[in-house]
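Student: What follows is the file model24.txt, containing compact mmCIF, C-alpha atoms and all ligand atoms:
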```
# COMPACT_ATOMS: atom_id res chain seq x y z
CA MET X 1 0.00 0.00 0.00
CA GLU X 2 1.16 3.49 -0.80
CA ASN X 3 -0.13 6.93 0.22
CA LYS X 4 -3.81 7.76 -0.02
CA LYS X 5 -4.84 8.44 -3.57
CA ILE X 6 -7.68 9.88 -5.56
CA LEU X 7 -9.01 7.57 -8.25
CA VAL X 8 -9.73 9.66 -11.34
CA THR X 9 -12.06 7.72 -13.61
CA GLY X 10 -12.01 9.08 -17.15
CA GLY X 11 -8.77 10.89 -16.29
CA ALA X 12 -7.37 10.52 -19.81
CA GLY X 13 -10.24 12.58 -21.23
CA TYR X 14 -10.58 16.29 -21.92
CA ILE X 15 -11.66 17.56 -18.50
CA GLY X 16 -9.94 14.73 -16.62
CA SER X 17 -6.49 15.43 -18.09
CA HIS X 18 -6.69 19.12 -17.13
CA THR X 19 -7.84 18.17 -13.65
CA LEU X 20 -4.80 15.91 -13.19
CA VAL X 21 -2.55 18.93 -13.68
CA GLU X 22 -4.43 20.95 -11.05
CA LEU X 23 -4.52 18.02 -8.61
CA SER X 24 -0.79 17.61 -8.97
CA GLN X 25 -0.23 21.32 -8.35
CA ALA X 26 -2.30 21.01 -5.17
CA SER X 27 -0.07 18.03 -4.14
CA TYR X 28 -2.72 15.34 -4.46
CA ASP X 29 -1.69 11.81 -5.46
CA PHE X 30 -3.90 10.09 -7.98
CA VAL X 31 -4.46 7.02 -10.10
CA VAL X 32 -6.11 7.34 -13.50
CA TYR X 33 -8.66 4.67 -14.44
CA ASP X 34 -9.85 4.85 -18.05
CA ASN X 35 -10.78 2.40 -20.81
CA LEU X 36 -9.56 4.87 -23.48
CA VAL X 37 -12.81 4.53 -25.44
CA ASN X 38 -12.72 8.28 -26.13
CA SER X 39 -9.16 9.23 -25.26
CA SER X 40 -5.52 8.45 -25.78
CA LYS X 41 -2.53 7.41 -23.70
CA VAL X 42 -0.73 10.31 -25.37
CA ALA X 43 -2.79 12.68 -23.20
CA ILE X 44 -1.45 10.92 -20.11
CA ASN X 45 2.14 11.27 -21.38
CA ARG X 46 1.54 14.94 -22.04
CA VAL X 47 0.18 15.45 -18.51
CA ALA X 48 3.26 13.69 -17.11
CA ASN X 49 5.37 16.13 -19.08
CA ILE X 50 3.51 19.15 -17.76
CA ILE X 51 3.62 18.05 -14.11
CA GLY X 52 7.16 16.72 -14.35
CA LYS X 53 6.45 13.26 -13.00
CA ASP X 54 4.92 9.94 -13.99
CA VAL X 55 1.16 9.48 -13.98
CA VAL X 56 -0.11 6.23 -12.53
CA PHE X 57 -2.45 4.79 -15.14
CA GLU X 58 -4.66 1.69 -14.88
CA GLU X 59 -6.58 0.76 -17.99
CA GLY X 60 -10.06 -0.49 -17.21
CA ASP X 61 -13.78 -0.07 -17.64
CA ILE X 62 -15.97 1.23 -14.82
CA ARG X 63 -18.42 -1.59 -15.60
CA ASP X 64 -15.72 -4.18 -14.89
CA SER X 65 -16.10 -4.91 -11.17
CA LYS X 66 -13.25 -7.41 -11.13
CA ARG X 67 -10.82 -4.90 -12.57
CA LEU X 68 -12.03 -2.21 -10.15
CA VAL X 69 -11.45 -4.59 -7.22
CA GLU X 70 -7.88 -5.13 -8.44
CA VAL X 71 -7.25 -1.40 -8.54
CA PHE X 72 -8.87 -0.70 -5.16
CA THR X 73 -6.79 -3.54 -3.69
CA LYS X 74 -3.57 -2.29 -5.23
CA TYR X 75 -3.89 1.34 -4.06
CA ASP X 76 -5.24 3.02 -0.96
CA ILE X 77 -8.02 4.96 -2.65
CA ASP X 78 -9.42 7.70 -0.43
CA SER X 79 -11.81 9.34 -2.86
CA VAL X 80 -12.99 9.24 -6.46
CA ILE X 81 -13.39 11.95 -9.08
CA HIS X 82 -15.73 10.34 -11.52
CA PHE X 83 -15.44 11.68 -15.09
CA ALA X 84 -15.76 8.37 -16.93
CA GLY X 85 -18.76 8.24 -19.22
CA LEU X 86 -19.93 8.75 -22.76
CA LYS X 87 -20.99 12.26 -23.73
CA ALA X 88 -22.08 12.49 -27.39
CA VAL X 89 -25.69 13.67 -27.36
CA GLY X 90 -26.56 12.49 -30.89
CA GLU X 91 -24.97 9.08 -30.40
CA SER X 92 -26.92 8.66 -27.16
CA VAL X 93 -30.18 9.01 -29.14
CA GLU X 94 -29.04 6.25 -31.52
CA LYS X 95 -27.61 3.96 -28.83
CA PRO X 96 -29.56 4.57 -25.62
CA LEU X 97 -28.78 1.17 -24.08
CA TYR X 98 -25.06 1.65 -24.65
CA TYR X 99 -25.24 5.05 -22.96
CA TYR X 100 -27.31 3.92 -19.98
CA ASP X 101 -25.06 0.89 -19.56
CA ASN X 102 -21.85 2.94 -19.63
CA ASN X 103 -23.00 5.94 -17.64
CA VAL X 104 -25.66 4.65 -15.24
CA ASN X 105 -24.72 0.99 -14.84
CA GLY X 106 -21.01 1.91 -14.89
CA THR X 107 -21.54 4.39 -12.05
CA ILE X 108 -23.51 1.82 -10.03
CA LYS X 109 -20.68 -0.70 -10.42
CA LEU X 110 -18.14 1.90 -9.33
CA LEU X 111 -20.24 2.89 -6.29
CA GLU X 112 -20.63 -0.77 -5.27
CA ILE X 113 -16.88 -1.31 -5.28
CA MET X 114 -16.28 1.98 -3.48
CA LYS X 115 -18.71 0.81 -0.79
CA GLU X 116 -17.00 -2.56 -0.57
CA PHE X 117 -13.70 -0.80 0.11
CA ASN X 118 -15.27 1.74 2.46
CA CYS X 119 -14.29 4.57 0.14
CA LYS X 120 -17.26 6.92 0.36
CA LYS X 121 -16.14 10.20 -1.14
CA ILE X 122 -17.04 11.03 -4.72
CA VAL X 123 -17.08 14.06 -7.00
CA PHE X 124 -19.39 13.46 -9.95
CA SER X 125 -19.40 15.17 -13.36
CA SER X 126 -22.96 16.25 -13.97
CA SER X 127 -24.19 18.73 -16.52
CA ALA X 128 -26.40 21.78 -16.95
CA THR X 129 -28.45 19.54 -19.23
CA VAL X 130 -30.24 18.17 -16.10
CA TYR X 131 -32.17 21.48 -15.95
CA GLY X 132 -33.85 20.71 -19.30
CA ASP X 133 -35.23 23.94 -20.77
CA PRO X 134 -35.38 26.25 -17.76
CA LYS X 135 -37.76 29.18 -17.96
CA GLU X 136 -35.81 31.43 -15.60
CA MET X 137 -32.26 32.62 -15.96
CA PRO X 138 -29.69 32.33 -14.49
CA VAL X 139 -30.26 28.80 -13.22
CA THR X 140 -29.79 28.05 -9.54
CA GLU X 141 -29.18 24.61 -8.09
CA ASP X 142 -32.60 24.42 -6.43
CA MET X 143 -34.46 24.73 -9.73
CA GLN X 144 -36.32 21.74 -11.11
CA THR X 145 -34.30 19.02 -12.82
CA GLY X 146 -35.26 15.99 -14.89
CA GLN X 147 -38.04 17.65 -16.91
CA GLY X 148 -37.58 18.52 -20.57
CA ILE X 149 -34.28 16.73 -21.05
CA THR X 150 -34.16 15.85 -24.75
CA ASN X 151 -31.76 12.91 -24.93
CA PRO X 152 -30.51 9.76 -23.16
CA TYR X 153 -27.11 11.35 -22.38
CA GLY X 154 -28.78 14.11 -20.38
CA ARG X 155 -31.17 11.69 -18.72
CA SER X 156 -28.26 9.45 -17.71
CA LYS X 157 -26.77 12.42 -15.81
CA TYR X 158 -30.11 13.11 -14.13
CA MET X 159 -30.52 9.43 -13.19
CA ILE X 160 -27.04 9.27 -11.68
CA GLU X 161 -27.75 12.39 -9.62
CA GLU X 162 -30.90 10.72 -8.26
CA ILE X 163 -28.99 7.50 -7.51
CA LEU X 164 -26.36 9.46 -5.61
CA LYS X 165 -29.06 11.25 -3.58
CA ASP X 166 -30.69 7.90 -2.71
CA LEU X 167 -27.33 6.44 -1.77
CA PHE X 168 -26.80 9.28 0.67
CA ILE X 169 -30.28 8.78 2.17
CA SER X 170 -29.41 5.12 2.78
CA ASP X 171 -26.02 5.91 4.35
CA SER X 172 -25.12 9.45 5.39
CA SER X 173 -21.45 8.62 5.82
CA TRP X 174 -21.07 9.13 2.06
CA LYS X 175 -19.63 12.47 0.98
CA ILE X 176 -20.93 13.36 -2.45
CA ALA X 177 -20.31 16.40 -4.64
CA ILE X 178 -22.30 16.80 -7.83
CA LEU X 179 -20.80 19.41 -10.14
CA ARG X 180 -23.12 20.64 -12.87
CA TYR X 181 -20.82 21.84 -15.61
CA PHE X 182 -21.97 24.42 -18.11
CA ASN X 183 -19.99 24.52 -21.41
CA PRO X 184 -16.31 23.61 -20.94
CA VAL X 185 -13.96 25.03 -23.59
CA GLY X 186 -10.32 26.03 -23.93
CA ALA X 187 -7.11 24.23 -23.11
CA HIS X 188 -4.10 24.23 -20.83
CA GLU X 189 -1.73 27.18 -21.29
CA SER X 190 1.02 24.85 -22.56
CA GLY X 191 -1.10 24.06 -25.63
CA ASN X 192 -0.11 20.42 -25.12
CA ILE X 193 -3.39 19.05 -23.80
CA GLY X 194 -6.86 19.93 -25.03
CA GLU X 195 -10.11 18.63 -26.45
CA ASP X 196 -9.62 16.00 -29.14
CA PRO X 197 -13.00 14.94 -30.49
CA GLU X 198 -13.16 11.93 -32.74
CA GLY X 199 -14.48 12.70 -36.22
CA VAL X 200 -16.52 15.82 -36.86
CA PRO X 201 -17.00 17.71 -33.58
CA ASN X 202 -20.51 18.12 -32.15
CA ASN X 203 -19.62 21.04 -29.93
CA LEU X 204 -19.22 24.63 -30.99
CA MET X 205 -15.68 25.50 -29.89
CA PRO X 206 -13.87 22.50 -31.42
CA PHE X 207 -15.89 23.03 -34.59
CA ILE X 208 -14.85 26.70 -34.79
CA SER X 209 -11.19 25.71 -34.18
CA GLN X 210 -11.26 23.09 -36.90
CA VAL X 211 -12.78 25.54 -39.38
CA ALA X 212 -10.11 28.09 -38.46
CA VAL X 213 -7.33 25.54 -38.96
CA GLY X 214 -8.76 24.56 -42.35
CA LYS X 215 -9.76 21.04 -41.41
CA LEU X 216 -13.45 21.84 -41.89
CA GLU X 217 -14.80 24.20 -44.50
CA LYS X 218 -17.57 26.13 -42.82
CA LEU X 219 -19.35 26.37 -39.49
CA LYS X 220 -23.09 25.79 -39.42
CA VAL X 221 -24.73 28.09 -36.90
CA PHE X 222 -27.75 26.16 -35.68
CA GLY X 223 -30.65 28.60 -35.65
CA GLY X 224 -30.78 32.36 -36.15
CA ASP X 225 -34.31 32.85 -34.86
CA TYR X 226 -34.05 32.14 -31.13
CA PRO X 227 -35.45 34.74 -28.72
CA THR X 228 -31.92 35.85 -27.77
CA LYS X 229 -29.85 39.02 -28.29
CA ASP X 230 -28.89 38.15 -31.89
CA GLY X 231 -31.11 35.13 -32.61
CA THR X 232 -28.42 32.51 -31.96
CA GLY X 233 -28.15 30.16 -28.97
CA VAL X 234 -26.67 31.45 -25.72
CA ARG X 235 -24.46 29.35 -23.42
CA ASP X 236 -22.25 29.78 -20.37
CA TYR X 237 -18.78 28.85 -21.65
CA ILE X 238 -16.27 27.99 -18.95
CA HIS X 239 -12.51 27.62 -19.30
CA VAL X 240 -11.52 23.99 -18.69
CA VAL X 241 -8.72 25.03 -16.32
CA ASP X 242 -11.23 26.93 -14.16
CA LEU X 243 -13.39 23.82 -14.24
CA ALA X 244 -10.41 21.66 -13.26
CA GLU X 245 -9.72 23.96 -10.31
CA ALA X 246 -13.31 23.50 -9.15
CA HIS X 247 -12.60 19.78 -8.74
CA VAL X 248 -9.67 20.46 -6.44
CA LYS X 249 -11.91 22.75 -4.37
CA ALA X 250 -14.64 20.10 -4.28
CA VAL X 251 -12.22 17.43 -3.04
CA GLU X 252 -10.94 19.81 -0.35
CA PHE X 253 -14.53 20.59 0.64
CA LEU X 254 -15.43 16.91 1.02
CA ASP X 255 -12.26 16.31 3.04
CA LYS X 256 -13.08 19.10 5.47
CA ASN X 257 -16.85 18.93 5.88
CA ASN X 258 -19.50 16.52 7.03
CA LEU X 259 -22.55 16.89 4.84
CA ASP X 260 -26.24 16.44 5.53
CA LYS X 261 -26.95 15.94 1.84
CA PRO X 262 -24.99 15.70 -1.40
CA LEU X 263 -23.39 18.99 -2.37
CA ILE X 264 -24.77 20.18 -5.71
CA VAL X 265 -23.13 23.14 -7.43
CA ASN X 266 -23.23 24.85 -10.78
CA ILE X 267 -19.84 25.32 -12.38
CA GLY X 268 -20.17 28.21 -14.80
CA THR X 269 -19.20 31.85 -15.15
CA GLY X 270 -22.69 33.34 -14.87
CA ARG X 271 -22.33 34.99 -18.31
CA GLY X 272 -24.04 33.90 -21.48
CA TYR X 273 -22.47 34.29 -24.93
CA SER X 274 -24.26 33.78 -28.23
CA VAL X 275 -22.84 31.68 -31.06
CA LEU X 276 -22.15 34.82 -33.09
CA GLU X 277 -20.36 36.43 -30.13
CA MET X 278 -18.18 33.35 -29.82
CA ILE X 279 -17.27 33.45 -33.51
CA LYS X 280 -16.48 37.17 -33.28
CA ALA X 281 -14.30 36.73 -30.17
CA PHE X 282 -12.45 33.79 -31.71
CA LYS X 283 -11.72 35.68 -34.94
CA LYS X 284 -10.58 38.82 -33.13
CA VAL X 285 -8.33 37.16 -30.55
CA ASN X 286 -6.68 34.77 -32.97
CA GLN X 287 -6.74 36.84 -36.17
CA VAL X 288 -8.23 33.98 -38.19
CA LYS X 289 -11.15 33.49 -40.54
CA VAL X 290 -14.21 31.49 -39.46
CA PRO X 291 -16.68 31.28 -42.37
CA TYR X 292 -20.20 30.30 -41.34
CA ASP X 293 -23.78 29.89 -42.51
CA ILE X 294 -26.85 30.26 -40.37
CA VAL X 295 -28.93 27.10 -40.81
CA ASN X 296 -31.93 25.47 -39.14
CA ARG X 297 -32.05 24.88 -35.41
CA ARG X 298 -30.54 21.63 -34.12
CA ALA X 299 -33.13 19.31 -32.57
CA GLY X 300 -33.04 19.28 -28.78
CA ASP X 301 -31.17 22.60 -28.33
CA VAL X 302 -32.44 25.18 -25.86
CA ALA X 303 -32.34 28.89 -26.74
CA LYS X 304 -30.42 30.05 -23.72
CA ILE X 305 -28.88 28.73 -20.53
CA TYR X 306 -26.39 30.21 -18.10
CA ALA X 307 -25.53 29.60 -14.50
CA ASN X 308 -25.89 31.39 -11.26
CA PRO X 309 -22.46 30.44 -9.90
CA LYS X 310 -22.91 32.00 -6.40
CA LYS X 311 -23.23 28.74 -4.51
CA ALA X 312 -19.85 27.53 -5.74
CA LYS X 313 -18.30 30.81 -4.60
CA GLU X 314 -19.94 30.65 -1.17
CA LEU X 315 -19.30 26.99 -0.40
CA LEU X 316 -16.21 26.08 -2.40
CA ASN X 317 -14.60 29.51 -2.57
CA TRP X 318 -14.36 28.89 -6.29
CA GLU X 319 -15.15 31.20 -9.17
CA ALA X 320 -14.19 31.30 -12.82
CA LYS X 321 -11.21 33.56 -13.46
CA ARG X 322 -10.54 33.17 -17.17
CA ASP X 323 -12.43 35.22 -19.74
CA ILE X 324 -13.76 34.53 -23.20
CA GLU X 325 -10.54 35.78 -24.84
CA GLN X 326 -8.47 33.26 -22.87
CA MET X 327 -10.93 30.52 -23.80
CA CYS X 328 -10.64 31.32 -27.52
CA GLN X 329 -6.90 31.90 -27.45
CA SER X 330 -6.08 28.65 -25.63
CA SER X 331 -8.43 26.60 -27.84
CA TRP X 332 -6.66 27.95 -30.88
CA ASP X 333 -3.21 27.44 -29.41
CA TRP X 334 -4.00 23.76 -28.75
CA GLN X 335 -5.66 23.28 -32.14
CA SER X 336 -2.94 24.96 -34.16
CA LYS X 337 -0.15 23.13 -32.34
CA ASN X 338 -2.00 19.80 -32.65
CA PRO X 339 -4.07 19.94 -35.83
CA ARG X 340 -4.55 16.17 -35.65
CA GLY X 341 -5.14 16.09 -31.90
CA TYR X 342 -3.36 13.24 -30.15
CA SER X 343 -3.21 11.04 -33.23
CA ILE X 344 0.55 11.00 -33.61
CA ILE X 345 2.81 8.00 -33.70
CA ASP X 346 6.02 9.10 -32.10
CA GLU X 347 4.93 9.44 -28.46
P1 LIG U 1 -14.12 12.74 -22.50
O1 LIG U 1 -14.84 11.80 -23.37
O2 LIG U 1 -12.97 13.49 -23.03
O3 LIG U 1 -13.63 11.97 -21.18
C1 LIG U 1 -14.33 10.88 -20.63
C2 LIG U 1 -13.33 9.77 -20.39
O4 LIG U 1 -14.01 8.64 -19.85
C3 LIG U 1 -12.62 9.31 -21.66
O5 LIG U 1 -11.23 9.29 -21.44
C4 LIG U 1 -13.17 7.90 -21.90
O6 LIG U 1 -12.21 7.07 -22.51
C5 LIG U 1 -13.52 7.48 -20.48
N1 LIG U 1 -14.58 6.46 -20.40
C6 LIG U 1 -15.79 6.46 -21.03
N2 LIG U 1 -16.49 5.37 -20.69
C7 LIG U 1 -15.72 4.66 -19.82
C8 LIG U 1 -15.90 3.46 -19.13
N3 LIG U 1 -17.02 2.73 -19.27
N4 LIG U 1 -14.91 3.01 -18.32
C9 LIG U 1 -13.76 3.73 -18.18
N5 LIG U 1 -13.54 4.89 -18.82
C10 LIG U 1 -14.52 5.36 -19.63
O7 LIG U 1 -15.21 13.75 -21.88
P2 LIG U 1 -15.01 15.07 -21.02
O8 LIG U 1 -15.46 16.21 -21.83
O9 LIG U 1 -13.69 15.09 -20.39
O10 LIG U 1 -16.13 14.82 -19.92
C11 LIG U 1 -15.86 14.26 -18.65
C12 LIG U 1 -17.17 14.08 -17.91
O11 LIG U 1 -17.82 15.35 -17.79
C13 LIG U 1 -18.14 13.15 -18.61
O12 LIG U 1 -18.82 12.39 -17.64
C14 LIG U 1 -19.08 14.11 -19.29
O13 LIG U 1 -20.36 13.56 -19.48
C15 LIG U 1 -19.14 15.25 -18.29
N6 LIG U 1 -19.51 16.53 -18.88
C16 LIG U 1 -18.83 16.98 -19.98
C17 LIG U 1 -19.22 18.18 -20.58
C18 LIG U 1 -18.51 18.68 -21.81
O14 LIG U 1 -19.07 19.49 -22.52
N7 LIG U 1 -17.30 18.26 -22.11
C19 LIG U 1 -20.29 18.91 -20.05
C20 LIG U 1 -20.95 18.43 -18.92
C21 LIG U 1 -20.55 17.23 -18.35
N1 LIG U 2 -23.69 25.20 -32.25
C1 LIG U 2 -23.68 25.64 -33.56
N2 LIG U 2 -22.96 24.94 -34.48
C2 LIG U 2 -22.25 23.82 -34.17
C3 LIG U 2 -22.25 23.38 -32.82
C4 LIG U 2 -22.99 24.09 -31.90
O1 LIG U 2 -24.32 26.64 -33.88
O2 LIG U 2 -21.64 23.21 -35.06
C5 LIG U 2 -24.44 25.96 -31.23
C6 LIG U 2 -25.53 25.16 -30.52
O3 LIG U 2 -26.73 25.24 -31.24
C7 LIG U 2 -25.59 25.87 -29.15
C8 LIG U 2 -24.14 26.31 -28.92
O4 LIG U 2 -23.53 26.34 -30.21
O5 LIG U 2 -26.39 27.02 -29.22
C9 LIG U 2 -23.36 25.36 -28.02
O6 LIG U 2 -23.48 24.04 -28.53
P1 LIG U 2 -22.62 22.83 -27.97
O7 LIG U 2 -22.99 21.61 -28.75
O8 LIG U 2 -21.18 23.22 -27.93
O9 LIG U 2 -23.08 22.71 -26.45
P2 LIG U 2 -24.54 22.37 -25.83
O10 LIG U 2 -25.51 22.26 -26.92
O11 LIG U 2 -24.30 21.08 -25.14
O12 LIG U 2 -24.82 23.48 -24.89
```
When written as structure tokens, how does the structure in this file appear?
Tutor:
Amino acid sequence: MENKKILVTGGAGYIGSHTLVELSQASYDFVVYDNLVNSSKVAINRVANIIGKDVVFEEGDIRDSKRLVEVFTKYDIDSVIHFAGLKAVGESVEKPLYYYDNNVNGTIKLLEIMKEFNCKKIVFSSSATVYGDPKEMPVTEDMQTGQGITNPYGRSKYMIEEILKDLFISDSSWKIAILRYFNPVGAHESGNIGEDPEGVPNNLMPFISQVAVGKLEKLKVFGGDYPTKDGTGVRDYIHVVDLAEAHVKAVEFLDKNNLDKPLIVNIGTGRGYSVLEMIKAFKKVNQVKVPYDIVNRRAGDVAKIYANPKKAKELLNWEAKRDIEQMCQSSWDWQSKNPRGYSIIDE
């Protein structure tokens, strides 16, 4: 047995890899557990480079109880940051069973093994999508969830939140933090880790970056007739490094406090930007061209959503520090340095 460690499921992924850097800076020890279904070992090597030491990596699936037992036996795991899961909205509509199995069943398996090893501290990656199509803005954590979610991915997040709440009701010695992320974008300042979507990106920022780098021809702006400032969709974009820092704060909070219910916090900036504002900021900051057409709305999109981030400030002493320029600049830095993402052969 070695020192107490944090198990980071999905730690090879976009948000996970950035969180490893912040955990290391805060002197936490961790083990990454990932099946690499949507990520690459190269990301782990890059993190090791940034932090200047090896990253302990265990390949495995969260649905594989036997493998989880091996890992929990090998290391003294004190808490879990649980990023592992599938996140492509469109794919979740086509393959709902695959999504519920990975996200919901996978989380249940993980929680069972945590319980078996008396490891009862977990930070879970939830999403603003649990709010559905909220009528009031900005959204606060006490607003209704579960209604109006348009896809299995979003419902899997809602279901896991409910499971975690029930788990706490059954045994209040669990310490649970549910972080509802808004729209993570950007990359580490080194430009060596970032978001590396497979195929054509679904999300706005990687799509803009790939148009700017010439990999894709034109951006389609989904909908120009929303009841928003300029007719395009409004979101609360948050720099991934700010988001990563929120995880360190959440772990510290769980370490220090006894809770009478799961902690649920929004992780956003509190500011909404439209698609056209994002394109404008990206072009200006990076001095690049981003050709686009305004096309029909994308099914399942809401017009506008942004967070009230006060609770995170009050309880976690966390707030977003990086602005939209830094988000656009770092996305571009990563994309231009790594036009093919992590798909290189010499690392
Ligand atoms: P990502 O796909 O880059 O990372 C997820 C990681 O989990 C990947 O490395 C993948 O290989 C791994 N994984 C998937 N299924 C697994 C399984 N069954 N067993 C082991 N590992 C598995 O995604 P991300 O953007 O870093 O997101 C991390 C978490 O945050 C996810 O749970 C996601 O749903 C959630 N989230 C993401 C966003 C976003 O916009 N990126 C927004 C809200 C919530
Ligand atoms: N969007 C767009 N074109 C794209 C991808 C996204 O116009 O190619 C818009 C989308 O309609 C939404 C915003 O950009 O208003 C953010 O979309 P994303 O998929 O990044 O996040 P989410 O829908 O999950 O909030």
Student: May I have the residues within 8 Å of ligand LIG 2 (chain U), computed using only C-alpha atoms and all ligand atoms, as a VMD selection string?
Tutor: chain X and resid 89 129 182 to 183 201 to 205 207 to 208 219 to 223 232 to 235 274 to 275 294 297 to 298 301 to 305
Student: Between X:Ile193, X:Leu316, X:Val211, X:Val248, which one has atoms that come closest to ligand LIG 1 (chain U), using all atoms listed in the file?
Tutor: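 Looking only at the distances to ligand LIG 1 (chain U), the closest residue turns out to be X:Ile193.
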Student: What's the 7 Å shell around region 144-152 of chain X, counting all atoms listed in the file, without same-chain residues fewer than 3 positions away, as a list in words?
Tutor: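 My list of contacting residues is Val89, Ser92, Val93, Pro96, Thr129, Val130, Tyr131, Gly132, Asp133, Arg155, Ser156, Tyr158 and Gly300 of chain X.
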Student: Show me which residues line ligand LIG 1 (chain U), defined as having an atom within 9 Å of a ligand atom where only C-alpha atoms and all ligand atoms count, and present them as a VMD selection string.
Tutor: chain X and resid 9 to 18 33 to 40 59 to 64 82 to 88 101 to 103 106 to 107 124 to 129 153 to 154 157 179 to 185 195 to 197 203 240
Student: Give me a file of those residues, with C-alpha atoms, as a short mmCIF file (atom, residue, chain, number, x, y, z; two decimals), keeping the file's coordinate frame.
Tutor:
```cif
data_model
loop_
_atom_site.label_atom_id
_atom_site.label_comp_id
_atom_site.auth_asym_id
_atom_site.auth_seq_id
_atom_site.Cartn_x
_atom_site.Cartn_y
_atom_site.Cartn_z
CA THR X 9 -12.06 7.72 -13.61
CA GLY X 10 -12.01 9.08 -17.15
CA GLY X 11 -8.77 10.89 -16.29
CA ALA X 12 -7.37 10.52 -19.81
CA GLY X 13 -10.24 12.58 -21.23
CA TYR X 14 -10.58 16.29 -21.92
CA ILE X 15 -11.66 17.56 -18.50
CA GLY X 16 -9.94 14.73 -16.62
CA SER X 17 -6.49 15.43 -18.09
CA HIS X 18 -6.69 19.12 -17.13
CA TYR X 33 -8.66 4.67 -14.44
CA ASP X 34 -9.85 4.85 -18.05
CA ASN X 35 -10.78 2.40 -20.81
CA LEU X 36 -9.56 4.87 -23.48
CA VAL X 37 -12.81 4.53 -25.44
CA ASN X 38 -12.72 8.28 -26.13
CA SER X 39 -9.16 9.23 -25.26
CA SER X 40 -5.52 8.45 -25.78
CA GLU X 59 -6.58 0.76 -17.99
CA GLY X 60 -10.06 -0.49 -17.21
CA ASP X 61 -13.78 -0.07 -17.64
CA ILE X 62 -15.97 1.23 -14.82
CA ARG X 63 -18.42 -1.59 -15.60
CA ASP X 64 -15.72 -4.18 -14.89
CA HIS X 82 -15.73 10.34 -11.52
CA PHE X 83 -15.44 11.68 -15.09
CA ALA X 84 -15.76 8.37 -16.93
CA GLY X 85 -18.76 8.24 -19.22
CA LEU X 86 -19.93 8.75 -22.76
CA LYS X 87 -20.99 12.26 -23.73
CA ALA X 88 -22.08 12.49 -27.39
CA ASP X 101 -25.06 0.89 -19.56
CA ASN X 102 -21.85 2.94 -19.63
CA ASN X 103 -23.00 5.94 -17.64
CA GLY X 106 -21.01 1.91 -14.89
CA THR X 107 -21.54 4.39 -12.05
CA PHE X 124 -19.39 13.46 -9.95
CA SER X 125 -19.40 15.17 -13.36
CA SER X 126 -22.96 16.25 -13.97
CA SER X 127 -24.19 18.73 -16.52
CA ALA X 128 -26.40 21.78 -16.95
CA THR X 129 -28.45 19.54 -19.23
CA TYR X 153 -27.11 11.35 -22.38
CA GLY X 154 -28.78 14.11 -20.38
CA LYS X 157 -26.77 12.42 -15.81
CA LEU X 179 -20.80 19.41 -10.14
CA ARG X 180 -23.12 20.64 -12.87
CA TYR X 181 -20.82 21.84 -15.61
CA PHE X 182 -21.97 24.42 -18.11
CA ASN X 183 -19.99 24.52 -21.41
CA PRO X 184 -16.31 23.61 -20.94
CA VAL X 185 -13.96 25.03 -23.59
CA GLU X 195 -10.11 18.63 -26.45
CA ASP X 196 -9.62 16.00 -29.14
CA PRO X 197 -13.00 14.94 -30.49
CA ASN X 203 -19.62 21.04 -29.93
CA VAL X 240 -11.52 23.99 -18.69
#
```
Student: Pick out the residues sitting within 12 Å of Ala26 (chain X), and hand them over as number ranges by chain; count only C-alpha atoms, and ignore anything fewer than 6 positions along from it in its own chain.
Tutor: X: 19-20, 51, 244-249, 251-252
